[in-house]
Amino acid sequence: QVQLVESGGGSVQPGGSLRLSCAASGIYFSFYSFDWYRQAPGKERELVASISNTGIANNADSVKGRFTISRDNVKERVYLQMNNLDPDDTAVYFCRASWRGFEYWGQGTQATVSS
C-alpha cells in the first residue's frame, strides 16, 4: 500500500521558518519525482516546488529564494524548507509522487503564517 505522509506544518509569525517532511512508503522511492503543492482557502491548488528522481529541483517564482526542496533517498523522505514566510504562504501543503503515469498524493499538512 502506497502512503505519503506529510508533517512539519504549524503556526509561525511572518519571517519565520518551517520544514515540511513527506515520508513515502510502498513505492520504489528513487524512481519517483516529487512535488510540493499548496492550497489556500478559496484558491486552486498550486505547484510550489519539484524535484526529479535525479535531484534536479525547481521552484515556483512566488517562493524562489525562500523555499528549498530536497530529497533523501535513504530515508525515503522529501523535504520543503520554507524560510521568510509570509501570510500569503498560509495553506495546506501536499506532497505528490509521480513516475510513468503513476501518481500518489498525501493528505496534506497545514502551515499558517500570522502575527
# chains A, B, ... in the order shown; residues from 1 in each chain; ligands from 1

call {"tool": "closest_atom_pairs", "arguments": {"of": "stretch 8-89 of chain A", "to": "stretch 94-107 of chain A", "cutoff": "6 Å", "atoms": "only C-alpha atoms", "output": "CSV"}}
result
residue,atom,partner,partner_atom,distance
A:Tyr32,CA,A:Trp99,CA,5.1
A:Ser33,CA,A:Ser98,CA,5.4
A:Phe34,CA,A:Ala97,CA,4.6
A:Asp35,CA,A:Arg96,CA,5.1
A:Trp36,CA,A:Cys95,CA,4.8
A:Tyr37,CA,A:Phe94,CA,5.1
A:Arg38,CA,A:Phe94,CA,5.9

call {"tool": "select_by_dssp", "arguments": {"residues": "stretch 2-114 of chain A", "states": "helix (DSSP H, G or I)", "output": "list of chain:residue names"}}
result
A:Phe29, A:Ser30, A:Phe31, A:Asp61, A:Ser62, A:Val63, A:Pro87, A:Asp88, A:Asp89

call {"tool": "write_last_selection", "arguments": {"atoms": "all heavy atoms", "output": "mmCIF file, in the first residue's frame"}}
result
data_model
loop_
_atom_site.group_PDB
_atom_site.id
_atom_site.type_symbol
_atom_site.label_atom_id
_atom_site.label_comp_id
_atom_site.auth_asym_id
_atom_site.auth_seq_id
_atom_site.Cartn_x
_atom_site.Cartn_y
_atom_site.Cartn_z
ATOM 1 N N PHE A 29 11.233 4.397 -4.094
ATOM 2 C CA PHE A 29 11.375 5.833 -3.888
ATOM 3 C C PHE A 29 12.267 6.504 -4.930
ATOM 4 O O PHE A 29 11.911 7.555 -5.456
ATOM 5 C CB PHE A 29 11.929 6.083 -2.481
ATOM 6 C CG PHE A 29 12.003 7.529 -2.089
ATOM 7 C CD1 PHE A 29 10.918 8.145 -1.459
ATOM 8 C CD2 PHE A 29 13.142 8.287 -2.325
ATOM 9 C CE1 PHE A 29 10.969 9.477 -1.089
ATOM 10 C CE2 PHE A 29 13.204 9.615 -1.961
ATOM 11 C CZ PHE A 29 12.118 10.212 -1.340
ATOM 12 N N SER A 30 13.403 5.915 -5.232
ATOM 13 C CA SER A 30 14.379 6.590 -6.081
ATOM 14 C C SER A 30 13.917 6.735 -7.524
ATOM 15 O O SER A 30 14.494 7.508 -8.282
ATOM 16 C CB SER A 30 15.716 5.864 -6.029
ATOM 17 O OG SER A 30 15.588 4.555 -6.549
ATOM 18 N N PHE A 31 12.879 6.009 -7.927
ATOM 19 C CA PHE A 31 12.344 6.149 -9.285
ATOM 20 C C PHE A 31 11.519 7.417 -9.441
ATOM 21 O O PHE A 31 11.391 7.952 -10.535
ATOM 22 C CB PHE A 31 11.437 4.970 -9.636
ATOM 23 C CG PHE A 31 12.164 3.709 -9.991
ATOM 24 C CD1 PHE A 31 13.559 3.633 -9.946
ATOM 25 C CD2 PHE A 31 11.464 2.580 -10.357
ATOM 26 C CE1 PHE A 31 14.225 2.461 -10.268
ATOM 27 C CE2 PHE A 31 12.111 1.404 -10.683
ATOM 28 C CZ PHE A 31 13.488 1.344 -10.641
ATOM 29 N N ASP A 61 7.954 30.775 -9.011
ATOM 30 C CA ASP A 61 8.513 32.120 -8.869
ATOM 31 C C ASP A 61 8.145 32.745 -7.526
ATOM 32 O O ASP A 61 8.929 33.501 -6.947
ATOM 33 C CB ASP A 61 8.020 33.020 -10.004
ATOM 34 C CG ASP A 61 8.664 32.683 -11.336
ATOM 35 O OD1 ASP A 61 9.702 31.983 -11.331
ATOM 36 O OD2 ASP A 61 8.123 33.104 -12.370
ATOM 37 N N SER A 62 6.975 32.432 -7.029
ATOM 38 C CA SER A 62 6.484 33.051 -5.795
ATOM 39 C C SER A 62 7.295 32.645 -4.562
ATOM 40 O O SER A 62 7.224 33.310 -3.530
ATOM 41 C CB SER A 62 5.018 32.702 -5.573
ATOM 42 O OG SER A 62 4.846 31.300 -5.500
ATOM 43 N N VAL A 63 8.063 31.559 -4.660
ATOM 44 C CA VAL A 63 8.804 31.090 -3.491
ATOM 45 C C VAL A 63 10.309 31.030 -3.727
ATOM 46 O O VAL A 63 11.063 30.637 -2.836
ATOM 47 C CB VAL A 63 8.308 29.706 -3.025
ATOM 48 C CG1 VAL A 63 6.812 29.760 -2.746
ATOM 49 C CG2 VAL A 63 8.639 28.616 -4.034
ATOM 50 N N PRO A 87 2.302 35.821 5.286
ATOM 51 C CA PRO A 87 0.908 35.361 5.442
ATOM 52 C C PRO A 87 0.325 34.753 4.163
ATOM 53 O O PRO A 87 -0.540 33.856 4.249
ATOM 54 C CB PRO A 87 0.175 36.630 5.852
ATOM 55 C CG PRO A 87 1.193 37.409 6.607
ATOM 56 C CD PRO A 87 2.494 37.154 5.893
ATOM 57 N N ASP A 88 0.790 35.195 2.999
ATOM 58 C CA ASP A 88 0.299 34.617 1.741
ATOM 59 C C ASP A 88 0.742 33.169 1.546
ATOM 60 O O ASP A 88 0.249 32.489 0.644
ATOM 61 C CB ASP A 88 0.782 35.445 0.551
ATOM 62 C CG ASP A 88 0.043 36.766 0.437
ATOM 63 O OD1 ASP A 88 -1.037 36.917 1.055
ATOM 64 O OD2 ASP A 88 0.553 37.670 -0.252
ATOM 65 N N ASP A 89 1.666 32.698 2.364
ATOM 66 C CA ASP A 89 2.093 31.305 2.294
ATOM 67 C C ASP A 89 1.179 30.374 3.089
ATOM 68 O O ASP A 89 1.367 29.151 3.064
ATOM 69 C CB ASP A 89 3.530 31.160 2.810
ATOM 70 C CG ASP A 89 4.540 31.922 1.971
ATOM 71 O OD1 ASP A 89 4.454 31.837 0.730
ATOM 72 O OD2 ASP A 89 5.408 32.593 2.564
#

call {"tool": "residues_around", "arguments": {"residues": "A:Lys75", "least_positions_apart": "5", "cutoff": "12 Å", "atoms": "only C-alpha atoms", "output": "PyMOL selection string"}}
result
chain A and resi 21-25+29-30+70

call {"tool": "write_last_selection", "arguments": {"atoms": "C-alpha atoms", "output": "PDB file, in the first residue's frame"}}
result
ATOM      1  CA  SER A  21       8.610  16.462   5.507  1.00  0.00           C
ATOM      2  CA  CYS A  22       6.974  13.853   3.295  1.00  0.00           C
ATOM      3  CA  ALA A  23       7.580  10.234   4.239  1.00  0.00           C
ATOM      4  CA  ALA A  24       6.942   7.750   1.441  1.00  0.00           C
ATOM      5  CA  SER A  25       6.296   4.034   1.686  1.00  0.00           C
ATOM      6  CA  PHE A  29      11.375   5.833  -3.888  1.00  0.00           C
ATOM      7  CA  SER A  30      14.379   6.590  -6.081  1.00  0.00           C
ATOM      8  CA  SER A  70      15.293  18.315  -1.209  1.00  0.00           C
TER       9      SER A  70
END

call {"tool": "select_by_dssp", "arguments": {"residues": "chain A", "states": "strand (DSSP E or B)", "output": "PyMOL selection string"}}
result
chain A and resi 3-7+10-12+18-25+33-39+46-51+57-59+67-72+77-82+91-99+102-105+109-113

call {"tool": "residues_around", "arguments": {"residues": "A:Met82", "least_positions_apart": "5", "cutoff": "6 Å", "atoms": "only C-alpha atoms", "output": "list in words"}}
result
Ser17, Leu18, Arg19 and Phe67 of chain A

call {"tool": "write_last_selection", "arguments": {"atoms": "all heavy atoms", "output": "PDB file, in the first residue's frame"}}
result
ATOM      1  N   SER A  17      10.209  30.323   9.897  1.00  0.00           N
ATOM      2  CA  SER A  17      10.542  29.185   9.047  1.00  0.00           C
ATOM      3  C   SER A  17       9.790  27.937   9.484  1.00  0.00           C
ATOM      4  O   SER A  17       9.459  27.790  10.667  1.00  0.00           O
ATOM      5  CB  SER A  17      12.052  28.901   9.109  1.00  0.00           C
ATOM      6  OG  SER A  17      12.802  29.982   8.617  1.00  0.00           O
ATOM      7  N   LEU A  18       9.562  27.072   8.530  1.00  0.00           N
ATOM      8  CA  LEU A  18       9.035  25.729   8.781  1.00  0.00           C
ATOM      9  C   LEU A  18       9.753  24.763   7.853  1.00  0.00           C
ATOM     10  O   LEU A  18      10.137  25.134   6.735  1.00  0.00           O
ATOM     11  CB  LEU A  18       7.534  25.647   8.503  1.00  0.00           C
ATOM     12  CG  LEU A  18       6.577  26.298   9.499  1.00  0.00           C
ATOM     13  CD1 LEU A  18       5.158  26.291   8.946  1.00  0.00           C
ATOM     14  CD2 LEU A  18       6.624  25.605  10.848  1.00  0.00           C
ATOM     15  N   ARG A  19       9.887  23.532   8.300  1.00  0.00           N
ATOM     16  CA  ARG A  19      10.449  22.480   7.449  1.00  0.00           C
ATOM     17  C   ARG A  19       9.429  21.365   7.346  1.00  0.00           C
ATOM     18  O   ARG A  19       9.145  20.680   8.336  1.00  0.00           O
ATOM     19  CB  ARG A  19      11.750  21.941   8.023  1.00  0.00           C
ATOM     20  CG  ARG A  19      12.468  20.987   7.071  1.00  0.00           C
ATOM     21  CD  ARG A  19      13.583  20.261   7.773  1.00  0.00           C
ATOM     22  NE  ARG A  19      14.485  19.576   6.853  1.00  0.00           N
ATOM     23  CZ  ARG A  19      15.204  18.509   7.179  1.00  0.00           C
ATOM     24  NH1 ARG A  19      15.141  18.027   8.407  1.00  0.00           N
ATOM     25  NH2 ARG A  19      16.005  17.945   6.293  1.00  0.00           N
ATOM     26  N   PHE A  67      12.099  29.134  -0.455  1.00  0.00           N
ATOM     27  CA  PHE A  67      11.793  27.713  -0.234  1.00  0.00           C
ATOM     28  C   PHE A  67      12.838  26.849  -0.938  1.00  0.00           C
ATOM     29  O   PHE A  67      13.300  27.182  -2.041  1.00  0.00           O
ATOM     30  CB  PHE A  67      10.429  27.347  -0.798  1.00  0.00           C
ATOM     31  CG  PHE A  67       9.244  27.933  -0.069  1.00  0.00           C
ATOM     32  CD1 PHE A  67       9.381  28.923   0.879  1.00  0.00           C
ATOM     33  CD2 PHE A  67       7.965  27.479  -0.357  1.00  0.00           C
ATOM     34  CE1 PHE A  67       8.292  29.455   1.548  1.00  0.00           C
ATOM     35  CE2 PHE A  67       6.853  27.992   0.292  1.00  0.00           C
ATOM     36  CZ  PHE A  67       7.019  28.985   1.246  1.00  0.00           C
TER      37      PHE A  67
END

call {"tool": "closest_residue", "arguments": {"among": "A:Leu85, A:Leu47, A:Val92, A:Leu80", "to": "A:Gly16", "atoms": "only C-alpha atoms"}}
result
A:Leu85

call {"tool": "closest_residue", "arguments": {"among": "A:Asn53, A:Asn58, A:Gln39, A:Ser114", "to": "A:Ala91", "atoms": "only C-alpha atoms"}}
result
A:Gln39
